[in-house]
$ cat target_5.cif   # mmCIF, C-alpha atoms and all ligand atoms
data_target
loop_
_atom_site.label_atom_id
_atom_site.label_comp_id
_atom_site.auth_asym_id
_atom_site.auth_seq_id
_atom_site.Cartn_x
_atom_site.Cartn_y
_atom_site.Cartn_z
CA MET F 1 -7.14 9.24 -16.07
CA GLU F 2 -8.50 7.33 -13.13
CA GLY F 3 -11.88 8.46 -11.91
CA LEU F 4 -12.55 5.91 -9.24
CA SER F 5 -13.00 6.80 -5.65
CA ILE F 6 -10.34 5.01 -3.64
CA LYS F 7 -10.49 4.52 0.07
CA THR F 8 -7.20 5.30 1.70
CA SER F 9 -6.04 2.96 4.41
CA ARG F 10 -5.70 5.81 6.89
CA GLN F 11 -8.79 6.82 8.84
CA GLY F 12 -11.10 5.49 6.12
CA LEU F 13 -10.84 8.68 4.06
CA ASN F 14 -12.63 8.48 0.75
CA VAL F 15 -10.45 10.44 -1.65
CA LEU F 16 -11.11 10.90 -5.35
CA VAL F 17 -8.28 12.25 -7.52
CA ARG F 18 -9.54 13.86 -10.72
CA PRO F 19 -8.53 16.42 -13.34
CA ALA F 20 -9.21 19.97 -12.13
CA LYS F 21 -11.85 22.12 -13.79
CA ARG F 22 -11.94 25.87 -14.33
CA GLU F 23 -14.70 26.18 -11.71
CA ASP F 24 -12.34 24.65 -9.13
CA ILE F 25 -10.00 27.70 -9.35
CA PRO F 26 -11.15 29.46 -6.13
CA LYS F 27 -10.84 26.24 -4.12
CA ILE F 28 -7.45 25.42 -5.63
CA VAL F 29 -6.19 28.87 -4.62
CA GLU F 30 -7.58 28.31 -1.11
CA VAL F 31 -5.72 24.99 -0.88
CA SER F 32 -2.45 26.54 -2.16
CA ASN F 33 -2.70 29.40 0.30
CA SER F 34 -3.47 27.19 3.28
CA SER F 35 -0.82 24.47 2.96
CA THR F 36 1.85 26.49 4.77
CA LEU F 37 1.87 29.19 7.42
CA PRO F 38 2.23 32.77 6.12
CA ASN F 39 5.91 33.38 5.24
CA GLU F 40 6.88 29.86 6.35
CA ASP F 41 8.26 29.18 2.87
CA LEU F 42 10.23 32.44 2.63
CA GLY F 43 13.66 31.56 1.29
CA PHE F 44 12.39 28.16 0.12
CA GLY F 45 10.07 29.08 -2.76
CA ALA F 46 8.99 32.06 -4.82
CA SER F 47 5.40 31.44 -3.82
CA THR F 48 4.11 35.01 -3.95
CA THR F 49 4.45 35.08 -7.75
CA SER F 50 2.79 31.69 -8.28
CA PRO F 51 -0.50 31.88 -10.22
CA PHE F 52 -1.86 29.33 -7.73
CA ARG F 53 -1.81 31.96 -4.97
CA ASP F 54 -4.34 34.31 -6.59
CA VAL F 55 -7.73 33.67 -8.25
CA SER F 56 -7.38 36.25 -11.01
CA ARG F 57 -3.79 35.19 -11.83
CA LEU F 58 -4.82 31.53 -11.95
CA THR F 59 -7.88 32.34 -14.08
CA SER F 60 -5.69 34.21 -16.60
CA ALA F 61 -3.11 31.42 -16.69
CA TRP F 62 -5.71 28.62 -17.00
CA LYS F 63 -5.97 26.77 -20.34
CA ASP F 64 -8.91 24.39 -20.61
CA PRO F 65 -9.38 21.71 -19.70
CA ASN F 66 -6.78 21.79 -16.86
CA ILE F 67 -3.42 23.21 -17.98
CA VAL F 68 -1.46 26.00 -16.27
CA ARG F 69 1.99 27.03 -17.61
CA GLY F 70 2.11 23.71 -19.49
CA GLU F 71 1.42 21.75 -16.29
CA GLU F 72 -1.60 19.55 -15.75
CA VAL F 73 -3.64 20.25 -12.62
CA LEU F 74 -5.32 17.47 -10.62
CA VAL F 75 -7.35 17.80 -7.44
CA ALA F 76 -8.17 15.50 -4.55
CA GLU F 77 -11.83 15.56 -3.58
CA MET F 78 -13.29 14.25 -0.34
CA ASP F 79 -17.03 14.38 0.36
CA GLY F 80 -17.42 16.81 -2.54
CA ARG F 81 -14.78 19.17 -1.10
CA ILE F 82 -11.41 19.92 -2.71
CA VAL F 83 -8.78 18.86 -0.19
CA GLY F 84 -5.59 18.80 -2.24
CA CYS F 85 -3.97 19.78 -5.49
CA VAL F 86 -1.06 18.47 -7.56
CA THR F 87 0.54 19.68 -10.78
CA LEU F 88 2.34 17.51 -13.34
CA GLU F 89 4.57 17.99 -16.32
CA ASP F 90 5.30 15.43 -19.01
CA ARG F 91 9.08 15.13 -19.36
CA GLY F 92 9.29 12.34 -21.90
CA ALA F 93 10.44 9.20 -20.12
CA GLU F 94 9.52 10.73 -16.78
CA LEU F 95 6.53 12.42 -15.21
CA GLU F 96 7.46 15.43 -13.10
CA LEU F 97 5.37 16.09 -10.03
CA VAL F 98 5.83 19.86 -9.96
CA ASP F 99 3.91 20.85 -6.86
CA ILE F 100 1.57 19.36 -4.28
CA ASP F 101 -0.49 20.99 -1.55
CA VAL F 102 -2.86 19.84 1.17
CA PRO F 103 -4.40 22.40 3.58
CA ARG F 104 -2.66 22.43 6.96
CA GLU F 105 -5.75 21.35 8.89
CA LEU F 106 -6.07 18.23 6.70
CA GLN F 107 -2.40 17.22 6.62
CA GLY F 108 -1.31 13.88 8.04
CA LYS F 109 -4.48 12.05 7.04
CA GLY F 110 -3.13 10.35 3.92
CA ILE F 111 -4.39 12.81 1.29
CA GLY F 112 -0.92 13.76 0.01
CA THR F 113 0.10 10.11 -0.19
CA ARG F 114 -3.05 9.36 -2.16
CA LEU F 115 -2.26 12.20 -4.60
CA VAL F 116 1.28 10.91 -5.11
CA GLN F 117 0.04 7.33 -5.63
CA SER F 118 -2.37 8.61 -8.23
CA VAL F 119 0.46 10.38 -10.07
CA GLU F 120 2.57 7.20 -9.92
CA ASN F 121 -0.33 5.12 -11.30
CA ARG F 122 -0.79 7.63 -14.06
CA ALA F 123 2.96 7.49 -14.90
CA ARG F 124 2.84 3.67 -14.97
CA SER F 125 -0.16 3.71 -17.29
CA GLU F 126 1.86 5.91 -19.65
CA GLN F 127 4.90 3.58 -19.44
CA LYS F 128 7.03 6.27 -17.81
CA ARG F 129 10.29 5.12 -16.23
CA ALA F 130 9.97 7.28 -13.14
CA VAL F 131 8.21 10.05 -11.30
CA THR F 132 10.56 12.94 -10.56
CA CYS F 133 10.17 15.92 -8.25
CA GLY F 134 12.17 18.53 -6.43
CA THR F 135 12.22 20.48 -3.23
CA SER F 136 14.39 23.34 -2.09
CA ARG F 137 17.33 23.97 0.18
CA ASN F 138 17.57 27.54 1.39
CA ALA F 139 20.67 29.71 1.33
CA GLN F 140 21.49 28.59 4.90
CA GLY F 141 21.60 24.96 3.73
CA VAL F 142 18.31 23.92 5.36
CA ALA F 143 16.10 21.56 3.33
CA TRP F 144 12.37 22.34 3.01
CA LYS F 145 10.41 20.33 5.57
CA SER F 146 8.76 18.00 3.04
CA LEU F 147 12.08 16.26 2.18
CA PRO F 148 11.68 13.39 4.74
CA TRP F 149 8.08 12.91 3.57
CA TRP F 150 9.26 12.38 -0.01
CA GLN F 151 11.91 9.96 1.19
CA HIS F 152 9.27 8.10 3.23
CA LEU F 153 7.29 7.69 -0.02
CA GLY F 154 10.32 6.12 -1.73
CA TYR F 155 11.81 9.14 -3.51
CA ARG F 156 15.62 9.19 -3.57
CA ILE F 157 17.80 12.22 -4.02
CA THR F 158 19.62 12.24 -7.37
CA HIS F 159 21.45 15.56 -7.12
CA GLU F 160 21.17 19.22 -6.15
CA GLU F 161 21.24 22.11 -8.61
CA GLU F 162 20.78 25.80 -9.15
CA ASN F 163 18.27 26.67 -11.86
CA GLN F 164 15.80 29.34 -12.94
CA TRP F 165 13.47 28.47 -10.06
CA THR F 166 16.17 28.60 -7.37
CA ARG F 167 17.52 31.86 -8.80
CA SER F 168 13.99 33.29 -8.42
CA ILE F 169 14.14 32.32 -4.71
CA GLY F 170 17.47 34.07 -4.21
CA PRO F 171 21.23 33.56 -4.19
CA GLY F 172 22.42 30.36 -2.53
CA ALA F 173 19.10 28.48 -2.84
CA ARG F 174 19.30 25.04 -4.44
CA GLU F 175 16.84 22.47 -5.71
CA ILE F 176 17.10 18.95 -4.30
CA ARG F 177 16.13 16.69 -7.21
CA MET F 178 14.48 13.35 -6.49
CA ARG F 179 13.09 10.38 -8.38
CA LYS F 180 11.19 7.18 -7.83
CA ASP F 181 11.78 4.52 -10.44
CA LEU F 182 8.63 2.64 -11.36
CA ASP F 183 8.39 -1.14 -11.70
C1 LIG F 201 3.78 17.62 1.85
C2 LIG F 201 2.25 17.40 1.89
C3 LIG F 201 1.67 17.51 0.49
C4 LIG F 201 1.97 16.03 2.48
O1 LIG F 201 0.57 15.81 2.46
P1 LIG F 201 -0.18 15.09 3.68
O2 LIG F 201 -1.58 14.85 3.28
O3 LIG F 201 0.07 15.84 4.93
O4 LIG F 201 0.66 13.72 3.72
P2 LIG F 201 0.14 12.32 4.24
O5 LIG F 201 -0.89 12.52 5.29
O6 LIG F 201 -0.27 11.49 3.09
O7 LIG F 201 1.48 11.71 4.85
C5 LIG F 201 1.32 10.69 5.75
C6 LIG F 201 2.46 9.71 5.62
O8 LIG F 201 3.72 10.37 5.55
C7 LIG F 201 4.48 10.07 6.74
N1 LIG F 201 5.11 11.32 7.13
C8 LIG F 201 4.51 12.48 7.40
N2 LIG F 201 5.43 13.41 7.70
C9 LIG F 201 6.63 12.81 7.61
C10 LIG F 201 7.96 13.25 7.82
N3 LIG F 201 8.25 14.50 8.18
N4 LIG F 201 8.95 12.34 7.65
C11 LIG F 201 8.68 11.08 7.27
N5 LIG F 201 7.43 10.62 7.07
C12 LIG F 201 6.42 11.49 7.25
C13 LIG F 201 3.47 9.60 7.75
O9 LIG F 201 4.07 8.74 8.71
C14 LIG F 201 2.50 8.83 6.87
O10 LIG F 201 3.04 7.60 6.49
P3 LIG F 201 2.14 6.25 6.40
O11 LIG F 201 1.06 6.57 5.39
O12 LIG F 201 3.13 5.23 5.92
O13 LIG F 201 1.61 6.02 7.76
C15 LIG F 201 1.57 18.46 2.82
O14 LIG F 201 2.12 18.33 4.11
C16 LIG F 201 1.70 19.87 2.34
O15 LIG F 201 0.86 20.38 1.59
N6 LIG F 201 2.78 20.59 2.78
C17 LIG F 201 2.99 21.97 2.40
C18 LIG F 201 3.33 22.10 0.93
C19 LIG F 201 4.56 21.29 0.58
O16 LIG F 201 5.53 21.22 1.31
N7 LIG F 201 4.52 20.68 -0.62
C20 LIG F 201 5.62 19.90 -1.12
C21 LIG F 201 6.59 20.81 -1.81
S1 LIG F 201 8.09 19.95 -2.26
#

$ encode --input "target_5.cif" --output "C-alpha cells"
Amino acid sequence: MEGLSIKTSRQGLNVLVRPAKREDIPKIVEVSNSSTLPNEDLGFGASTTSPFRDVSRLTSAWKDPNIVRGEEVLVAEMDGRIVGCVTLEDRGAELELVDIDVPRELQGKGIGTRLVQSVENRARSEQKRAVTCGTSRNAQGVAWKSLPWWQHLGYRITHEEENQWTRSIGPGAREIRMRKDLD
C-alpha cells in the first residue's frame, strides 16, 4: 500500500491516500453522506441501506483493519482531514472499484482522480489486468451523472446488466459496467 503524500497537479492539493482505520468511521460516514444532494441518487442507488450512510451500521459492519462486506476501505486525507473515500474488491485478475465519494464542496479539485489513480497503482502493483467499476442507469434510461467522469479517466463501457444491486434499486434499473485495462 502506498503511504506517500502525492501532490496533485490541480491547485497544488496535497492528498494522501491510505487504508482507513476504525477511528475514521464518523468522517467516512460524513463523506458518504455529503457527496450527493439529499435524494439526488433516488432511482440510481440503494444508498439508504448502505452501511456507509450510518455510523452505527458502519461500526457493526467493520472488520479490522479496514474491511467492510469483504471490501477494502481507503481514504484520501488532505491537511489531516478526510476528504474522500473509496472501496475495493479483489476479483482475481481484476480489482473492482466498488464505490467512491468526495464531499460536494470539495469536488472538482482533483481528489477523486487522485483516489482512482491510487487504486490503479495498487492494481498494477498486484499485476491485475484491469480496474473495473460500475455505475447505474435508472428505470427511465438516464445514466448516473458520474458516467462522463469515468470515461474522462479512461474507463470504457463493457456492457450493461441487471443484478442483485440493480434489483435492490428497483425494476428497470441497470448497471453500466466499465473497465480500464492496465499497461
Ligand atoms: C465522482 C466523484 C468521486 C469525482 O470526484 P472529484 O474529486 O469531484 O473529481 P475530480 O476533481 O478528480 O475530477 C476532475 C477531473 O474530471 C473532469 N471532469 C469532471 N466532471 C466531468 C464530467 N462530468 N465529464 C467529464 N469530465 C469531468 C475534470 O475536467 C477534471 O479533469 P482533469 O483532471 O483532466 O482536468 C465525485 O464527484 C463524487 O463523489 N460524486 C458523487 C458520488 C459518485 O457519483 N460516485 C461515483 C459513483 S459511480

$ closest_atom_pairs --input "target_5.cif" --of "region 9-43 of chain F" --to "region 93-114 of chain F" --cutoff "10 Å" --atoms "all atoms listed in the file" --output "tab-separated table"
residue	atom	partner	partner_atom	distance
F:Ser9	CA	F:Gly110	CA	8.0
F:Arg10	CA	F:Gly110	CA	6.0
F:Gln11	CA	F:Lys109	CA	7.0
F:Gly12	CA	F:Lys109	CA	9.4
F:Leu13	CA	F:Lys109	CA	7.8
F:Asn14	CA	F:Ile111	CA	9.3
F:Val15	CA	F:Ile111	CA	7.1
F:Leu16	CA	F:Arg114	CA	8.8
F:Val17	CA	F:Arg114	CA	8.0
F:Ile28	CA	F:Asp101	CA	9.2
F:Glu30	CA	F:Pro103	CA	8.2
F:Val31	CA	F:Pro103	CA	5.3
F:Ser32	CA	F:Asp101	CA	5.9
F:Asn33	CA	F:Pro103	CA	7.9
F:Ser34	CA	F:Pro103	CA	4.9
F:Ser35	CA	F:Pro103	CA	4.2
F:Thr36	CA	F:Arg104	CA	6.5
F:Leu37	CA	F:Arg104	CA	8.2

$ residues_around --input "target_5.cif" --residues "Gly141 (chain F)" --least-positions-apart "4" --cutoff "9 Å" --atoms "only C-alpha atoms" --output "PyMOL selection string"
chain F and resi 137+172-174

$ atom_distance --input "target_5.cif" --atom1 "CA of Val83 (chain F)" --atom2 "CA of Asn138 (chain F)"
27.8 Å

$ closest_residue --input "target_5.cif" --among "F:Glu120, F:Asp181, F:Glu71, F:Glu175" --to "ligand LIG 201 (chain F)" --atoms "all atoms listed in the file"
F:Glu175

$ closest_residue --input "target_5.cif" --among "F:Val68, F:Leu58, F:Leu147, F:Val29" --to "ligand LIG 201 (chain F)" --atoms "only C-alpha atoms and all ligand atoms"
F:Leu147

$ residues_around --input "target_5.cif" --residues "Ile25 (chain F)" --least-positions-apart "3" --cutoff "12 Å" --atoms "all atoms listed in the file" --output "ChimeraX atom specification"
/F:20-22,28-32,51-68,73-75,82,85

$ write_last_selection --input "target_5.cif" --atoms "C-alpha atoms" --output "mmCIF file, in the coordinates of the input"
data_model
loop_
_atom_site.group_PDB
_atom_site.id
_atom_site.type_symbol
_atom_site.label_atom_id
_atom_site.label_comp_id
_atom_site.auth_asym_id
_atom_site.auth_seq_id
_atom_site.Cartn_x
_atom_site.Cartn_y
_atom_site.Cartn_z
ATOM 1 C CA ALA F 20 -9.210 19.970 -12.130
ATOM 2 C CA LYS F 21 -11.850 22.120 -13.790
ATOM 3 C CA ARG F 22 -11.940 25.870 -14.330
ATOM 4 C CA ILE F 28 -7.450 25.420 -5.630
ATOM 5 C CA VAL F 29 -6.190 28.870 -4.620
ATOM 6 C CA GLU F 30 -7.580 28.310 -1.110
ATOM 7 C CA VAL F 31 -5.720 24.990 -0.880
ATOM 8 C CA SER F 32 -2.450 26.540 -2.160
ATOM 9 C CA PRO F 51 -0.500 31.880 -10.220
ATOM 10 C CA PHE F 52 -1.860 29.330 -7.730
ATOM 11 C CA ARG F 53 -1.810 31.960 -4.970
ATOM 12 C CA ASP F 54 -4.340 34.310 -6.590
ATOM 13 C CA VAL F 55 -7.730 33.670 -8.250
ATOM 14 C CA SER F 56 -7.380 36.250 -11.010
ATOM 15 C CA ARG F 57 -3.790 35.190 -11.830
ATOM 16 C CA LEU F 58 -4.820 31.530 -11.950
ATOM 17 C CA THR F 59 -7.880 32.340 -14.080
ATOM 18 C CA SER F 60 -5.690 34.210 -16.600
ATOM 19 C CA ALA F 61 -3.110 31.420 -16.690
ATOM 20 C CA TRP F 62 -5.710 28.620 -17.000
ATOM 21 C CA LYS F 63 -5.970 26.770 -20.340
ATOM 22 C CA ASP F 64 -8.910 24.390 -20.610
ATOM 23 C CA PRO F 65 -9.380 21.710 -19.700
ATOM 24 C CA ASN F 66 -6.780 21.790 -16.860
ATOM 25 C CA ILE F 67 -3.420 23.210 -17.980
ATOM 26 C CA VAL F 68 -1.460 26.000 -16.270
ATOM 27 C CA VAL F 73 -3.640 20.250 -12.620
ATOM 28 C CA LEU F 74 -5.320 17.470 -10.620
ATOM 29 C CA VAL F 75 -7.350 17.800 -7.440
ATOM 30 C CA ILE F 82 -11.410 19.920 -2.710
ATOM 31 C CA CYS F 85 -3.970 19.780 -5.490
#

$ atom_distance --input "target_5.cif" --atom1 "CA of Ala139 (chain F)" --atom2 "atom N6 of ligand LIG 201 (chain F)"
20.1 Å

$ closest_residue --input "target_5.cif" --among "F:Trp144, F:Arg18, F:Leu88, F:Phe44" --to "Ser168 (chain F)" --atoms "only C-alpha atoms"
F:Phe44

$ atom_distance --input "target_5.cif" --atom1 "atom C9 of ligand LIG 201 (chain F)" --atom2 "CA of His152 (chain F)"
7.0 Å

$ closest_residue --input "target_5.cif" --among "F:Glu89, F:Ala123, F:Gly70, F:Ser136" --to "Thr166 (chain F)" --atoms "only C-alpha atoms"
F:Ser136

$ closest_residue --input "target_5.cif" --among "F:Leu42, F:Leu182, F:Cys133, F:Val119" --to "ligand LIG 201 (chain F)" --atoms "all atoms listed in the file"
F:Cys133

$ axis_aligned_box --input "target_5.cif" --around "ligand LIG 201 (chain F)" --padding-each-side "5 Å" --output "lines of an AutoDock Vina configuration file"
center_x = 3.7
center_y = 13.7
center_z = 3.2
size_x = 20.5
size_y = 26.9
size_z = 21.0

$ closest_residue --input "target_5.cif" --among "F:Arg81, F:Met178, F:Trp165, F:Pro171" --to "Thr49 (chain F)" --atoms "all atoms listed in the file"
F:Trp165
